[in-house]
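**Student:** Pasting a structure here, questions to come.
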Amino acid sequence: MTIAWMSFVLVVAVSLVAAAALVALFSLGLRLIDGTAPWRRPVAVALFVICAGIALVGIWLVVPFFH
């Protein structure tokens, strides 16, 4: 049994990029929710919904019961 190292590197790279994107979107949502402009709150909520969607897709990919 051998390890497919390129597949392993690809999984690590995609995981790091997805985690960084998730943290960036969530932190941007936190920055936007604390303003007085009327457009900031809906955009922040949309970013939180996107973060929740990314997390749910990750859970769906990991848990075989959902397939």
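Chain labels A, B, ... are given in the sequence in which chains occur in the structure tokens; within each chain residues are numbered consecutively from 1, and ligands are likewise numbered from 1 in the order shown.
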If we count only C-alpha atoms and set the cut-off at 12 Å, which residues sit around A:Gly58, ignoring sequence neighbours fewer than 3 positions away in its own chain? Please answer as JSON, numbers by chain.
**Tutor:** {"A": [14, 15, 18, 19, 22, 51, 52, 53, 54, 55, 61, 62, 63, 64, 66]}
**Student:** When you draw a straight line from atom CA of A:Val12 to atom CA of A:Val57, how long is it in Å?
**Tutor:**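 Value for the atom CA of A:Val12-atom CA of A:Val57 distance: 16.9 Å.
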**Student:** As a VMD selection string, please: every residue in chain A that a backbone DSSP assignment puts in helix (DSSP H, G or I).
**Tutor:** chain A and resid 5 to 32 40 to 62 64 to 66
**Student:** Which residue gives the smallest distance to A:Val49 among A:Leu10, A:Phe65, A:Gly29, A:Thr36, with only C-alpha atoms counted?
**Tutor:**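 Selected residue with least distance to A:Val49: A:Gly29.
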**Student:** Rounded to one decimal place, report the atom CA of A:Arg40-atom CA of A:Ala20 distance in Å.
**Tutor:**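 The value is 22.1 Å.
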**Student:** Grab the atom CA of A:His67 to atom CA of A:Val11 distance for me, in Å with one decimal place.
**Tutor:**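 Atom CA of A:Val11 lies 19.4 Å from atom CA of A:His67.
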**Student:** So which residues touch A:Ser27 within 12 Å, counting only C-alpha atoms, skipping near sequence neighbours fewer than 5 positions away, as a compact mmCIF listing (two decimals) with all heavy atoms, in the first residue's frame?
**Tutor:**
# COMPACT_ATOMS: atom_id res chain seq x y z
N ALA A 20 -8.83 29.31 5.21
CA ALA A 20 -8.49 30.73 5.15
C ALA A 20 -9.65 31.55 4.59
O ALA A 20 -9.94 32.64 5.09
CB ALA A 20 -7.24 30.94 4.30
N ALA A 21 -10.32 31.03 3.57
CA ALA A 21 -11.47 31.74 3.01
C ALA A 21 -12.62 31.83 4.01
O ALA A 21 -13.27 32.88 4.14
CB ALA A 21 -11.95 31.04 1.73
N LEU A 22 -12.85 30.75 4.74
CA LEU A 22 -13.90 30.75 5.75
C LEU A 22 -13.63 31.77 6.85
O LEU A 22 -14.51 32.55 7.23
CB LEU A 22 -14.05 29.35 6.34
CG LEU A 22 -15.25 29.11 7.24
CD1 LEU A 22 -16.52 29.20 6.44
CD2 LEU A 22 -15.14 27.75 7.89
N LEU A 32 -18.27 44.18 9.20
CA LEU A 32 -19.36 44.91 8.56
C LEU A 32 -20.59 45.04 9.43
O LEU A 32 -21.36 45.99 9.27
CB LEU A 32 -19.75 44.22 7.25
CG LEU A 32 -18.76 44.37 6.10
CD1 LEU A 32 -19.23 43.56 4.90
CD2 LEU A 32 -18.58 45.81 5.73
N ILE A 33 -20.81 44.14 10.37
CA ILE A 33 -22.04 44.16 11.14
C ILE A 33 -22.05 45.30 12.16
O ILE A 33 -23.10 45.67 12.68
CB ILE A 33 -22.29 42.80 11.83
CG1 ILE A 33 -23.77 42.61 12.07
CG2 ILE A 33 -21.51 42.68 13.12
CD1 ILE A 33 -24.15 41.19 12.33
N ASP A 34 -20.90 45.91 12.41
CA ASP A 34 -20.79 46.94 13.44
C ASP A 34 -20.77 48.34 12.85
O ASP A 34 -20.07 49.22 13.33
CB ASP A 34 -19.52 46.70 14.26
CG ASP A 34 -19.53 47.48 15.55
OD1 ASP A 34 -20.63 47.78 16.05
OD2 ASP A 34 -18.43 47.79 16.05
N ALA A 44 -23.35 41.61 5.86
CA ALA A 44 -22.75 40.79 6.92
C ALA A 44 -23.53 39.50 7.12
O ALA A 44 -22.94 38.42 7.26
CB ALA A 44 -22.68 41.59 8.21
N VAL A 45 -24.85 39.59 7.12
CA VAL A 45 -25.67 38.39 7.27
C VAL A 45 -25.46 37.44 6.08
O VAL A 45 -25.37 36.22 6.26
CB VAL A 45 -27.15 38.77 7.45
CG1 VAL A 45 -28.05 37.54 7.35
CG2 VAL A 45 -27.36 39.49 8.76
N LEU A 47 -22.73 37.15 4.36
CA LEU A 47 -21.43 36.52 4.55
C LEU A 47 -21.50 35.40 5.59
O LEU A 47 -20.87 34.35 5.43
CB LEU A 47 -20.38 37.56 4.97
CG LEU A 47 -19.96 38.53 3.87
CD1 LEU A 47 -19.06 39.62 4.45
CD2 LEU A 47 -19.26 37.81 2.75
N PHE A 48 -22.28 35.60 6.65
CA PHE A 48 -22.45 34.55 7.65
C PHE A 48 -23.18 33.34 7.05
O PHE A 48 -22.86 32.20 7.37
CB PHE A 48 -23.20 35.07 8.87
CG PHE A 48 -22.44 36.11 9.65
CD1 PHE A 48 -23.11 37.16 10.23
CD2 PHE A 48 -21.08 36.03 9.80
CE1 PHE A 48 -22.43 38.11 10.96
CE2 PHE A 48 -20.38 36.97 10.53
CZ PHE A 48 -21.05 38.02 11.11
N CYS A 51 -20.70 31.44 5.04
CA CYS A 51 -19.82 30.67 5.94
C CYS A 51 -20.53 29.40 6.43
O CYS A 51 -19.92 28.33 6.48
CB CYS A 51 -19.41 31.53 7.13
SG CYS A 51 -18.20 32.78 6.74
